[in-house]
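Shown next: query02.txt, given as compact mmCIF, C-alpha atoms (C1' of nucleotides).
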# COMPACT_ATOMS: atom_id res chain seq x y z
CA MET A 943 -94.10 -8.32 -104.70
CA LYS A 944 -97.63 -9.16 -105.32
CA ARG A 945 -99.62 -8.06 -102.32
CA ASP A 946 -101.98 -10.38 -100.50
CA SER A 947 -105.45 -8.86 -100.48
CA LYS A 948 -107.37 -11.68 -98.85
CA LEU A 949 -107.85 -9.81 -95.58
CA SER A 950 -109.10 -6.63 -97.22
CA GLY A 951 -111.33 -8.51 -99.64
CA ILE A 952 -112.91 -10.84 -97.15
CA LEU A 953 -113.55 -8.16 -94.54
CA HIS A 954 -115.43 -6.33 -97.23
CA VAL A 955 -117.74 -9.19 -98.12
CA VAL A 956 -118.20 -10.33 -94.53
CA LEU A 957 -119.55 -6.90 -93.67
CA HIS A 958 -121.93 -7.11 -96.60
CA MET A 959 -123.09 -10.52 -95.38
CA ALA A 960 -123.63 -9.09 -91.94
CA SER A 961 -126.16 -6.60 -93.24
CA LEU A 962 -128.24 -9.34 -94.87
CA ASP A 963 -130.34 -11.81 -92.96
CA THR A 964 -130.42 -14.63 -95.49
CA PRO A 965 -127.50 -16.83 -96.55
CA VAL A 966 -125.43 -15.33 -99.35
CA THR A 967 -123.96 -17.52 -102.07
CA SER A 968 -120.29 -17.58 -102.98
CA GLU A 969 -121.34 -16.33 -106.37
CA LYS A 970 -122.86 -13.15 -104.95
CA LEU A 971 -119.95 -12.56 -102.63
CA ALA A 972 -117.58 -13.09 -105.54
CA ALA A 973 -119.45 -10.47 -107.53
CA MET A 974 -119.01 -8.01 -104.64
CA MET A 975 -115.30 -8.75 -104.48
CA GLY A 976 -114.87 -8.81 -108.23
CA THR A 977 -113.50 -12.30 -108.24
CA ASN A 978 -114.33 -15.95 -108.70
CA PRO A 979 -116.66 -17.92 -106.37
CA VAL A 980 -113.99 -20.55 -105.81
CA VAL A 981 -111.67 -17.90 -104.44
CA VAL A 982 -114.39 -16.84 -102.02
CA ARG A 983 -114.99 -20.42 -100.84
CA ARG A 984 -111.28 -20.97 -100.41
CA ILE A 985 -110.90 -17.96 -98.13
CA MET A 986 -114.20 -18.42 -96.32
CA ALA A 987 -113.20 -21.99 -95.47
CA GLY A 988 -110.66 -20.52 -93.05
CA LEU A 989 -113.28 -18.35 -91.39
CA ARG A 990 -115.59 -21.29 -91.04
CA GLU A 991 -112.91 -23.34 -89.30
CA ARG A 992 -112.60 -20.55 -86.77
CA GLY A 993 -116.32 -20.43 -86.23
CA LEU A 994 -116.73 -16.94 -87.66
CA VAL A 995 -119.08 -17.92 -90.46
CA HIS A 996 -121.27 -20.83 -91.35
CA SER A 997 -121.98 -22.43 -94.71
CA GLU A 998 -124.96 -24.38 -95.96
CA LYS A 999 -125.24 -26.43 -99.11
CA GLY A 1000 -128.15 -26.79 -101.49
CA HIS A 1001 -131.18 -24.65 -102.21
CA GLY A 1002 -131.30 -21.55 -100.08
CA GLY A 1003 -127.79 -22.30 -98.93
CA GLY A 1004 -124.79 -20.01 -98.78
CA TRP A 1005 -122.82 -18.16 -96.14
CA THR A 1006 -123.96 -16.58 -92.90
CA ILE A 1007 -122.22 -14.84 -90.01
CA ALA A 1008 -121.90 -17.21 -87.08
CA ARG A 1009 -120.93 -14.77 -84.37
CA ASP A 1010 -121.95 -11.37 -83.09
CA LEU A 1011 -120.08 -8.64 -84.94
CA GLU A 1012 -118.92 -7.20 -81.63
CA ASP A 1013 -117.32 -10.49 -80.72
CA PHE A 1014 -114.62 -10.70 -83.33
CA THR A 1015 -111.96 -8.40 -84.60
CA MET A 1016 -109.80 -7.79 -87.64
CA ALA A 1017 -107.14 -9.84 -85.84
CA ASP A 1018 -109.45 -12.86 -85.81
CA VAL A 1019 -110.12 -12.47 -89.50
CA TYR A 1020 -106.41 -12.06 -90.21
CA ALA A 1021 -105.72 -15.32 -88.38
CA ALA A 1022 -108.62 -16.99 -90.17
CA VAL A 1023 -107.30 -16.15 -93.62
CA GLY A 1024 -104.10 -17.98 -92.66
CA ALA A 1025 -102.09 -15.19 -91.03
CA PRO A 1026 -100.31 -14.33 -94.27
CA GLU A 1027 -96.85 -12.80 -94.23
CA ILE A 1028 -97.17 -9.17 -93.18
CA PHE A 1029 -93.95 -7.73 -94.53
CA ALA A 1030 -92.77 -7.52 -98.09
CA LEU A 1031 -89.21 -7.11 -96.84
CA GLY A 1032 -87.18 -10.13 -95.89
CA HIS A 1033 -83.76 -11.57 -95.43
CA ARG A 1034 -81.54 -12.96 -98.07
CA SER A 1035 -80.63 -15.94 -95.92
CA GLU A 1036 -82.48 -16.93 -92.79
CA GLN A 1037 -79.68 -18.49 -90.77
CA PRO A 1038 -76.50 -16.88 -92.03
CA LEU A 1039 -73.11 -18.05 -90.80
CA CYS A 1040 -71.72 -14.58 -91.43
CA LEU A 1041 -71.73 -12.56 -88.21
CA VAL A 1042 -72.18 -9.31 -90.07
CA GLU A 1043 -75.31 -10.66 -91.65
CA GLN A 1044 -76.48 -11.94 -88.28
CA ALA A 1045 -76.10 -8.46 -86.83
CA VAL A 1046 -78.06 -6.95 -89.70
CA ASN A 1047 -80.81 -9.53 -89.48
CA ALA A 1048 -81.10 -9.09 -85.73
CA ALA A 1049 -81.54 -5.35 -86.09
CA LEU A 1050 -84.12 -5.75 -88.82
CA ASP A 1051 -85.97 -8.48 -86.95
CA ASP A 1052 -86.23 -6.33 -83.84
CA ALA A 1053 -87.77 -3.52 -85.79
CA PHE A 1054 -90.14 -5.80 -87.67
CA ALA A 1055 -91.21 -7.58 -84.51
CA GLU A 1056 -92.14 -4.29 -82.89
CA ALA A 1057 -94.02 -3.10 -85.94
CA GLU A 1058 -95.85 -6.40 -86.21
CA ALA A 1059 -96.85 -6.32 -82.55
CA LEU A 1060 -98.25 -2.84 -82.97
CA LEU A 1061 -100.12 -3.81 -86.12
CA MET A 1062 -101.63 -6.84 -84.42
CA SER A 1063 -102.72 -4.86 -81.40
CA ARG A 1064 -104.42 -2.39 -83.72
CA PHE A 1065 -106.14 -5.20 -85.60
CA ALA A 1066 -107.25 -6.68 -82.29
CA GLY A 1067 -108.72 -3.33 -81.32
CA VAL A 1068 -111.13 -3.13 -84.23
CA THR A 1069 -114.23 -5.28 -84.00
CA LEU A 1070 -116.28 -6.02 -87.08
CA GLY A 1071 -119.02 -4.13 -85.31
CA ALA A 1072 -116.84 -1.04 -85.27
CA LEU A 1073 -116.25 -1.38 -88.99
CA ALA A 1074 -119.96 -1.71 -89.59
CA ALA A 1075 -120.56 1.40 -87.50
CA ASP A 1076 -117.95 3.28 -89.50
CA PHE A 1077 -119.74 2.20 -92.67
CA ARG A 1078 -123.08 3.50 -91.37
CA GLN A 1079 -121.38 6.77 -90.47
CA ARG A 1080 -120.01 7.10 -93.99
CA LEU A 1081 -123.45 6.37 -95.40
CA LYS A 1082 -124.96 9.12 -93.28
CA THR A 1083 -122.24 11.58 -94.22
CA ARG A 1084 -122.75 10.88 -97.87
CA HIS A 1085 -126.49 11.38 -97.62
CA GLN A 1086 -125.96 14.67 -95.84
CA SER A 1087 -123.59 15.91 -98.50
CA VAL A 1088 -126.12 14.94 -101.14
CA GLU A 1089 -128.75 16.95 -99.30
CA GLU A 1090 -126.38 19.87 -99.04
CA GLN A 1091 -125.90 19.73 -102.77
CA HIS A 1092 -129.67 19.94 -103.17
CA HIS A 1093 -129.77 22.93 -100.85
CA ASP A 1094 -127.21 24.66 -103.00
CA LEU A 1095 -129.47 24.47 -105.99
CA MET B 62 -95.26 -13.06 -102.32
CA LYS B 63 -91.64 -12.91 -103.07
CA ARG B 64 -90.00 -10.81 -100.40
CA ASP B 65 -87.74 -7.92 -101.23
CA SER B 66 -84.34 -8.56 -99.68
CA LYS B 67 -82.44 -5.60 -101.07
CA LEU B 68 -82.25 -3.81 -97.75
CA SER B 69 -80.99 -6.82 -95.84
CA GLY B 70 -78.53 -7.80 -98.56
CA ILE B 71 -77.08 -4.39 -99.12
CA LEU B 72 -76.69 -3.58 -95.42
CA HIS B 73 -74.70 -6.76 -95.17
CA VAL B 74 -72.23 -5.91 -97.91
CA VAL B 75 -71.98 -2.25 -96.97
CA LEU B 76 -70.81 -3.28 -93.52
CA HIS B 77 -68.23 -5.56 -95.08
CA MET B 78 -67.03 -2.68 -97.27
CA ALA B 79 -66.78 -0.50 -94.21
CA SER B 80 -64.25 -2.84 -92.62
CA LEU B 81 -61.98 -2.68 -95.68
CA ASP B 82 -59.92 0.32 -96.63
CA THR B 83 -59.58 -0.31 -100.34
CA PRO B 84 -62.34 -0.15 -102.94
CA VAL B 85 -64.28 -3.40 -103.28
CA THR B 86 -65.49 -4.59 -106.67
CA SER B 87 -69.09 -5.48 -107.42
CA GLU B 88 -67.88 -8.98 -108.09
CA LYS B 89 -66.55 -9.42 -104.55
CA LEU B 90 -69.62 -7.85 -103.01
CA ALA B 91 -71.78 -10.12 -105.14
CA ALA B 92 -69.87 -13.14 -103.86
CA MET B 93 -70.57 -12.01 -100.28
CA MET B 94 -74.24 -11.61 -101.04
CA GLY B 95 -74.41 -14.78 -103.09
CA THR B 96 -75.68 -12.99 -106.13
CA ASN B 97 -74.71 -11.42 -109.43
CA PRO B 98 -72.47 -8.32 -109.74
CA VAL B 99 -75.10 -6.56 -111.82
CA VAL B 100 -77.58 -6.89 -109.01
CA VAL B 101 -75.07 -5.29 -106.68
CA ARG B 102 -74.45 -2.38 -109.03
CA ARG B 103 -78.14 -1.86 -109.52
CA ILE B 104 -78.76 -1.54 -105.80
CA MET B 105 -75.56 0.38 -105.02
CA ALA B 106 -76.51 2.93 -107.65
CA GLY B 107 -79.25 4.12 -105.30
CA LEU B 108 -76.82 4.46 -102.41
CA ARG B 109 -74.43 6.41 -104.60
CA GLU B 110 -77.16 8.86 -105.58
CA ARG B 111 -77.73 9.51 -101.90
CA GLY B 112 -74.05 10.05 -101.28
CA LEU B 113 -73.69 7.02 -99.03
CA VAL B 114 -71.11 5.27 -101.19
CA HIS B 115 -68.75 6.14 -103.98
CA SER B 116 -67.78 4.16 -107.07
CA GLU B 117 -64.65 4.25 -109.18
CA LYS B 118 -64.11 2.68 -112.58
CA GLY B 119 -61.04 0.96 -113.93
CA HIS B 120 -58.06 -0.70 -112.32
CA GLY B 121 -58.18 -0.55 -108.55
CA GLY B 122 -61.74 0.70 -108.81
CA GLY B 123 -64.81 -0.47 -106.99
CA TRP B 124 -67.01 0.71 -104.15
CA THR B 125 -66.13 2.68 -101.04
CA ILE B 126 -68.11 4.12 -98.14
CA ALA B 127 -68.53 7.86 -98.62
CA ARG B 128 -69.78 8.83 -95.20
CA ASP B 129 -68.95 8.14 -91.58
CA LEU B 130 -70.83 5.06 -90.35
CA GLU B 131 -72.23 7.05 -87.47
CA ASP B 132 -73.75 9.51 -89.88
CA PHE B 133 -76.26 7.30 -91.59
CA THR B 134 -78.93 4.91 -90.49
CA MET B 135 -80.87 1.93 -91.72
CA ALA B 136 -83.58 4.42 -92.67
CA ASP B 137 -81.18 6.15 -95.07
CA VAL B 138 -80.29 2.84 -96.65
CA TYR B 139 -83.94 1.89 -96.90
CA ALA B 140 -84.63 5.13 -98.75
CA ALA B 141 -81.57 4.61 -100.92
CA VAL B 142 -82.71 1.20 -102.13
CA GLY B 143 -85.86 2.86 -103.39
CA ALA B 144 -88.08 2.69 -100.29
CA PRO B 145 -89.66 -0.57 -101.39
CA GLU B 146 -93.16 -1.49 -100.31
CA ILE B 147 -93.06 -2.54 -96.66
CA PHE B 148 -96.23 -4.57 -96.41
CA ALA B 149 -97.17 -7.74 -98.17
CA LEU B 150 -100.82 -7.02 -97.42
CA GLY B 151 -102.78 -4.70 -99.61
CA HIS B 152 -106.18 -3.64 -100.84
CA ARG B 153 -108.15 -5.26 -103.57
CA SER B 154 -109.10 -1.88 -105.01
CA GLU B 155 -107.44 1.36 -104.08
CA GLN B 156 -110.29 3.80 -104.51
CA PRO B 157 -113.44 1.77 -104.03
CA LEU B 158 -116.85 3.30 -104.58
CA CYS B 159 -118.34 0.88 -102.08
CA LEU B 160 -118.62 2.55 -98.68
CA VAL B 161 -118.16 -0.75 -96.87
CA GLU B 162 -114.89 -1.27 -98.64
CA GLN B 163 -113.91 2.33 -97.87
CA ALA B 164 -114.49 1.69 -94.18
CA VAL B 165 -112.41 -1.49 -94.29
CA ASN B 166 -109.60 0.18 -96.18
CA ALA B 167 -109.55 3.12 -93.81
CA ALA B 168 -109.24 0.85 -90.78
CA LEU B 169 -106.47 -1.17 -92.41
CA ASP B 170 -104.66 1.94 -93.59
CA ASP B 171 -104.70 3.45 -90.11
CA ALA B 172 -103.12 0.35 -88.65
CA PHE B 173 -100.54 0.06 -91.41
CA ALA B 174 -99.63 3.72 -91.17
CA GLU B 175 -98.94 3.40 -87.45
CA ALA B 176 -96.89 0.25 -87.92
CA GLU B 177 -94.94 1.86 -90.73
CA ALA B 178 -94.20 4.95 -88.67
CA LEU B 179 -92.91 2.79 -85.84
CA LEU B 180 -90.78 0.73 -88.20
CA MET B 181 -89.29 3.82 -89.75
CA SER B 182 -88.48 5.37 -86.42
CA ARG B 183 -86.71 2.17 -85.43
CA PHE B 184 -84.78 2.15 -88.69
CA ALA B 185 -83.83 5.75 -88.13
CA GLY B 186 -82.55 4.86 -84.69
CA VAL B 187 -79.97 2.39 -85.88
CA THR B 188 -76.80 3.84 -87.39
CA LEU B 189 -74.50 1.72 -89.50
CA GLY B 190 -71.96 2.30 -86.78
CA ALA B 191 -74.26 0.62 -84.28
CA LEU B 192 -74.60 -2.36 -86.57
CA ALA B 193 -70.83 -2.57 -86.93
CA ALA B 194 -70.48 -2.42 -83.15
CA ASP B 195 -73.01 -5.21 -82.77
CA PHE B 196 -71.00 -7.26 -85.26
CA ARG B 197 -67.79 -6.74 -83.24
CA GLN B 198 -69.66 -7.78 -80.12
CA ARG B 199 -70.80 -10.99 -81.80
CA LEU B 200 -67.26 -11.67 -82.95
CA LYS B 201 -65.99 -11.27 -79.40
CA THR B 202 -68.70 -13.50 -78.00
CA ARG B 203 -67.96 -16.19 -80.50
CA HIS B 204 -64.25 -16.12 -79.71
CA GLN B 205 -65.04 -16.40 -76.03
CA SER B 206 -67.29 -19.37 -76.57
CA VAL B 207 -64.60 -21.03 -78.68
CA GLU B 208 -62.14 -20.52 -75.81
CA GLU B 209 -64.66 -21.97 -73.41
CA GLN B 210 -64.93 -25.02 -75.59
CA HIS B 211 -61.15 -25.41 -75.42
CA HIS B 212 -61.31 -25.13 -71.63
CA ASP B 213 -63.84 -27.92 -71.57
CA LEU B 214 -61.42 -30.32 -73.24
C1' DA C 151 -136.26 -40.28 -107.03
C1' DA C 152 -134.62 -36.95 -110.10
C1' DA C 153 -133.43 -32.38 -111.06
C1' DT C 154 -131.44 -28.31 -109.24
C1' DC C 155 -128.64 -25.52 -106.45
C1' DA C 156 -124.93 -24.77 -103.50
C1' DT C 157 -120.61 -25.80 -101.25
C1' DG C 158 -115.74 -28.52 -101.16
C1' DT C 159 -111.64 -29.11 -103.22
C1' DA C 160 -108.02 -30.73 -106.28
C1' DA C 161 -105.54 -29.57 -110.30
C1' DC C 162 -104.16 -26.47 -113.48
C1' DA C 163 -103.49 -21.66 -115.64
C1' DT C 164 -102.30 -16.80 -115.42
C1' DA C 165 -100.13 -12.66 -113.95
C1' DT C 166 -97.03 -9.95 -111.41
C1' DG C 167 -92.76 -8.54 -109.76
C1' DA C 168 -88.18 -9.48 -107.48
C1' DA C 169 -84.02 -11.29 -108.67
C1' DG C 170 -80.79 -13.16 -111.92
C1' DT C 171 -78.40 -13.02 -116.51
C1' DT C 172 -76.46 -11.46 -120.89
C1' DA C 173 -74.59 -8.08 -123.67
C1' DC C 174 -72.40 -4.20 -124.60
C1' DA C 175 -71.02 0.79 -123.68
C1' DT C 176 -68.08 3.94 -120.96
C1' DG C 177 -64.14 5.29 -118.56
C1' DA C 178 -59.78 4.67 -115.71
C1' DA C 179 -55.33 2.58 -114.85
C1' DA C 180 -51.47 -0.31 -116.14
C1' DT D 1363 -53.86 -0.38 -126.28
C1' DT D 1364 -55.01 -3.79 -123.24
C1' DT D 1365 -57.17 -4.79 -119.04
C1' DC D 1366 -60.29 -3.99 -115.42
C1' DA D 1367 -64.16 -2.00 -113.49
C1' DT D 1368 -68.61 0.32 -113.46
C1' DG D 1369 -73.38 1.70 -116.05
C1' DT D 1370 -77.32 0.14 -117.88
C1' DA D 1371 -80.75 -1.81 -121.03
C1' DA D 1372 -83.04 -5.93 -122.27
C1' DC D 1373 -84.24 -10.32 -121.36
C1' DT D 1374 -84.97 -14.67 -118.51
C1' DT D 1375 -86.14 -17.11 -114.42
C1' DC D 1376 -88.65 -18.08 -110.41
C1' DA D 1377 -91.96 -17.63 -106.65
C1' DT D 1378 -96.48 -17.09 -105.54
C1' DA D 1379 -101.10 -14.75 -105.16
C1' DT D 1380 -104.97 -15.10 -107.74
C1' DG D 1381 -108.04 -17.00 -111.16
C1' DT D 1382 -110.21 -21.04 -113.61
C1' DT D 1383 -111.94 -25.61 -114.70
C1' DA D 1384 -113.77 -29.80 -113.40
C1' DC D 1385 -116.01 -32.74 -110.71
C1' DA D 1386 -117.59 -34.64 -106.08
C1' DT D 1387 -120.79 -34.12 -102.14
C1' DG D 1388 -124.86 -32.92 -99.97
C1' DA D 1389 -129.39 -30.25 -99.35
C1' DT D 1390 -133.75 -28.73 -101.22
C1' DT D 1391 -137.44 -28.65 -104.45
C1' DT D 1392 -140.62 -30.74 -107.58
Starting from the file, give its structure as C-alpha cells.
Amino acid sequence: MKRDSKLSGILHVVLHMASLDTPVTSEKLAAMMGTNPVVVRRIMAGLRERGLVHSEKGHGGGWTIARDLEDFTMADVYAAVGAPEIFALGHRSEQPLCLVEQAVNAALDDAFAEAEALLMSRFAGVTLGALAADFRQRLKTRHQSVEEQHHDL
Amino acid sequence: MKRDSKLSGILHVVLHMASLDTPVTSEKLAAMMGTNPVVVRRIMAGLRERGLVHSEKGHGGGWTIARDLEDFTMADVYAAVGAPEIFALGHRSEQPLCLVEQAVNAALDDAFAEAEALLMSRFAGVTLGALAADFRQRLKTRHQSVEEQHHDL
DNA sequence: AAATCATGTAACATATGAAGTTACATGAAA
DNA sequence: TTTCATGTAACTTCATATGTTACATGATTT
C-alpha cells in the first residue's frame, strides 16, 4: 500500500508558516515539503475550507495561518485533509453473506474501531501550539549539544 | 491506497477449514475467498511456517489446521501473514533533518504506536476458537429469525 | 490598462504495491 | 505412470497517492 502522507507533510509546512509573519507562497511551501506547488494548494484548500488557513492571490499573496495555534489540533488538520483512511488493512468483502466472514469482520472491526478512537483522541490532544513548542525545545537541545561539543574541544 | 486484505481473507478460510475434518485444497479455499489458488498458497505458506496449518501434496492432499483453535489468536495469524503495515498514513521522509518535521513525526509516531499497541492487544485477545463460537452464535440467531418469519406467516 | 504574481482547478501522467495469473517444478497417491 | 496437489518464480493487472501540465481567475505593481 502506498501510504498517505498528506497529514505529516502539511503539518510540517503549516508549522513553518506559523513562524513567519508574511504570507508564504505555495512554491515556497512546496520546496519545504519537497513537492509540487499544486499539491500544496490541493491540500491547503481543505484547511482553508475549515478556516485554519487563509489564502491571498496576487503580489504579496500566499498562505497565512487563520487561527491561533493553540486553538486547533492534529485532529482538525486530519479532518481538513479529508480524513483519509487510517488503516492499511481491510476486508475482502464489505457485506459478506457468509456468516463465518461476518464473524471475522465483526471481530476485526471492533479492534479497528477501538484503535481508531484512541488514535483520534491522541490527535485531538495535540494542539499545533504544542507541536511548535516541541520544535522550539528540539532547537534548544540541539544548540546545547553543539555548545557541549565546543566545550569538549 | 489499496488495502491489504490478507488477514481478513485468510481468517475466513481458516475457520472454514477448521469445521472440516479432511484436508481442503487451495482451489476450494480460493473459491471461498473468491480468489486464485496461488494467492491462497502464498498466504498459507506463512501460516505453515508458524505451525498454524499443515499442507500435504498429492491425492487427498490439501490444508489442515495444525493447532487447537483455542491455542492461537488473530495476533498469531496477523504475524503469520507477514505482519503487514497497519496504517495507511505515513511520513513524507523517515529521517528528516528539519526539526519541525522531526517534531511532527514524533507526535504522529507516539499516537500511532499507542493505537498499534491497542490493536495488537485486541488481536491477541481473540482466539480462533472465539471466532468460531461467534460464527455458531450467528448461525443460531439466523435460524431463529427464519423460524420467526415462518411464525409470522 | 498592461504586466506580473499568485492562487484555483481540471485533466493527465507516474509510481508503488497488493492482488491476480501463468507456467512449470516437486512430490504423493491411485 | 498418470493424476492430483502443493511450491514458487515471474509476470500482469489494478487501484490510488502523488506529481505535472495547462490554463483560468483575481490582486498588485508599474
Distance filter 10 Å, all atoms listed in the file, chain D against chain A, as a CSV table (one decimal) with C-alpha atoms (C1' of nucleotides), in the coordinates of the input:
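Result file is result.csv:
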chain,number,residue,atom,x,y,z
D,1377,DA,C1',-92.0,-17.6,-106.6
D,1378,DT,C1',-96.5,-17.1,-105.5
D,1379,DA,C1',-101.1,-14.8,-105.2
D,1380,DT,C1',-105.0,-15.1,-107.7
D,1381,DG,C1',-108.0,-17.0,-111.2
D,1382,DT,C1',-110.2,-21.0,-113.6
D,1387,DT,C1',-120.8,-34.1,-102.1
D,1388,DG,C1',-124.9,-32.9,-100.0
D,1389,DA,C1',-129.4,-30.2,-99.4
D,1390,DT,C1',-133.8,-28.7,-101.2
D,1391,DT,C1',-137.4,-28.6,-104.4
Could you please determine the separation between CA of Thr1069 (chain A) and CA of Asp1018 (chain A) in Å, to one decimal place? 9.1 Å
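Remark: for chain B, the closest of the candidate residues A:Ser997, A:Thr1015, A:Thr1006, A:Thr967 is A:Thr1015 (distances computed over all atoms listed in the file).
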Quick one: which chain C residues come within 10 Å of chain A, and what is the nearest atom pair for each with the distance in Å to one decimal, counting only C-alpha atoms (C1' of nucleotides), rows ordered by chain and ascending number, as a Markdown table?
| residue | atom | partner | partner_atom | distance |
| --- | --- | --- | --- | --- |
| C:DT154 | C1' | A:His1001 | CA | 7.9 |
| C:DC155 | C1' | A:His1001 | CA | 5.0 |
| C:DA156 | C1' | A:Gly1000 | CA | 4.3 |
| C:DT157 | C1' | A:Lys999 | CA | 5.1 |
| C:DG158 | C1' | A:Arg983 | CA | 8.1 |
| C:DT159 | C1' | A:Arg984 | CA | 8.6 |
| C:DA165 | C1' | A:Lys944 | CA | 9.6 |
| C:DT166 | C1' | A:Lys944 | CA | 6.2 |
| C:DG167 | C1' | A:Met943 | CA | 5.2 |
| C:DA168 | C1' | A:Met943 | CA | 6.6 |
Of B:Lys89, B:Arg197, B:His115, B:Arg128, the one nearest to chain A when counting only C-alpha atoms is B:Arg197
State, in Å with one decimal place, the distance from CA of Thr202 (chain B) to CA of Ser69 (chain B).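 CA of Ser69 (chain B) lies 22.7 Å from CA of Thr202 (chain B).
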List the spatial neighbours of Glu1058 (chain A) as a PDB file with C-alpha atoms, in the frame of the given file - criterion: any atom at most 10 Å away, all atoms listed in the file, same-chain residues fewer than 2 positions off excluded.
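around.pdb, written as the output of this step:
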ATOM      1  CA  ILE A1028     -97.170  -9.170 -93.180  1.00  0.00           C
ATOM      2  CA  PHE A1029     -93.950  -7.730 -94.530  1.00  0.00           C
ATOM      3  CA  ASP A1052     -86.230  -6.330 -83.840  1.00  0.00           C
ATOM      4  CA  ALA A1053     -87.770  -3.520 -85.790  1.00  0.00           C
ATOM      5  CA  PHE A1054     -90.140  -5.800 -87.670  1.00  0.00           C
ATOM      6  CA  ALA A1055     -91.210  -7.580 -84.510  1.00  0.00           C
ATOM      7  CA  GLU A1056     -92.140  -4.290 -82.890  1.00  0.00           C
ATOM      8  CA  LEU A1060     -98.250  -2.840 -82.970  1.00  0.00           C
ATOM      9  CA  LEU A1061    -100.120  -3.810 -86.120  1.00  0.00           C
ATOM     10  CA  MET A1062    -101.630  -6.840 -84.420  1.00  0.00           C
ATOM     11  CA  SER A1063    -102.720  -4.860 -81.400  1.00  0.00           C
ATOM     12  CA  ARG A1064    -104.420  -2.390 -83.720  1.00  0.00           C
TER      13      ARG A1064
ATOM     14  CA  PHE B 173    -100.540   0.060 -91.410  1.00  0.00           C
ATOM     15  CA  ALA B 176     -96.890   0.250 -87.920  1.00  0.00           C
ATOM     16  CA  GLU B 177     -94.940   1.860 -90.730  1.00  0.00           C
ATOM     17  CA  LEU B 179     -92.910   2.790 -85.840  1.00  0.00           C
ATOM     18  CA  LEU B 180     -90.780   0.730 -88.200  1.00  0.00           C
TER      19      LEU B 180
END
Spatial sel., origin (-136.3, -33.6, -109.6), limit 7 Å, only C-alpha atoms (C1' of nucleotides), listed as a compact mmCIF listing (two decimals) with C-alpha atoms (C1' of nucleotides), in the frame of the given file:
# COMPACT_ATOMS: atom_id res chain seq x y z
C1' DA C 152 -134.62 -36.95 -110.10
C1' DA C 153 -133.43 -32.38 -111.06
C1' DT D 1392 -140.62 -30.74 -107.58
Record the distance separating CA of Val142 (chain B) and CA of Val114 (chain B), expressed in Å with one decimal. 12.3 Å
Shortest interatomic distance to chain A - which of B:Ala178, B:Leu150, B:Val85, B:Ala167, counting only C-alpha atoms: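 Ranking B:Ala178, B:Leu150, B:Val85, B:Ala167 by distance to chain A, first place goes to B:Leu150.
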With all atoms listed in the file as the basis for distance, which of A:Ala1021, A:Leu949, A:Leu1011, A:Ala972 is at the shortest distance from chain B? A:Leu949
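Proximity ranking of B:His204, B:Ala92, B:Ala193, B:Ala149 relative to chain A places B:Ala149 first, based on all atoms listed in the file.
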Please list as an MDAnalysis selection string every residue within 10 Å of Val1019 (chain A), counting all atoms listed in the file and excluding residues in the same chain fewer than 6 positions away. chainID A and resid 948:950 952:953 956 986 988:989 992 994 1025 1065:1066 1069:1070
Could you give me the axis-aligned bounding box of region 1370-1385 of chain D, with 6 Å of padding per side, as centre plus edge lengths in Å to one decimal, as AutoDock Vina command-line options?
--center_x -96.7 --center_y -16.3 --center_z -113.7 --size_x 50.7 --size_y 44.9 --size_z 29.1
Could you add N, CA and C atoms to region 1063-1074 of chain A and give me the result as a short mmCIF file (atom, residue, chain, number, x, y, z; two decimals), in the coordinates of the input?
data_model
loop_
_atom_site.label_atom_id
_atom_site.label_comp_id
_atom_site.auth_asym_id
_atom_site.auth_seq_id
_atom_site.Cartn_x
_atom_site.Cartn_y
_atom_site.Cartn_z
N SER A 1063 -101.90 -5.41 -82.48
CA SER A 1063 -102.72 -4.86 -81.40
C SER A 1063 -103.77 -3.91 -81.98
N ARG A 1064 -103.43 -3.24 -83.07
CA ARG A 1064 -104.42 -2.39 -83.72
C ARG A 1064 -105.52 -3.23 -84.35
N PHE A 1065 -105.14 -4.30 -84.99
CA PHE A 1065 -106.14 -5.20 -85.60
C PHE A 1065 -107.07 -5.73 -84.51
N ALA A 1066 -106.47 -6.10 -83.38
CA ALA A 1066 -107.25 -6.68 -82.29
C ALA A 1066 -108.19 -5.65 -81.67
N GLY A 1067 -107.91 -4.38 -81.92
CA GLY A 1067 -108.72 -3.33 -81.32
C GLY A 1067 -109.91 -2.91 -82.16
N VAL A 1068 -110.03 -3.49 -83.34
CA VAL A 1068 -111.13 -3.13 -84.23
C VAL A 1068 -112.08 -4.31 -84.40
N THR A 1069 -113.24 -4.22 -83.80
CA THR A 1069 -114.23 -5.28 -84.00
C THR A 1069 -114.92 -5.08 -85.35
N LEU A 1070 -115.51 -6.14 -85.84
CA LEU A 1070 -116.28 -6.02 -87.08
C LEU A 1070 -117.45 -5.08 -86.87
N GLY A 1071 -117.94 -5.05 -85.64
CA GLY A 1071 -119.02 -4.13 -85.31
C GLY A 1071 -118.59 -2.69 -85.49
N ALA A 1072 -117.36 -2.40 -85.11
CA ALA A 1072 -116.84 -1.04 -85.27
C ALA A 1072 -116.73 -0.68 -86.74
N LEU A 1073 -116.32 -1.63 -87.55
CA LEU A 1073 -116.25 -1.38 -88.99
C LEU A 1073 -117.63 -1.11 -89.56
N ALA A 1074 -118.59 -1.90 -89.11
CA ALA A 1074 -119.96 -1.71 -89.59
C ALA A 1074 -120.48 -0.33 -89.18
#
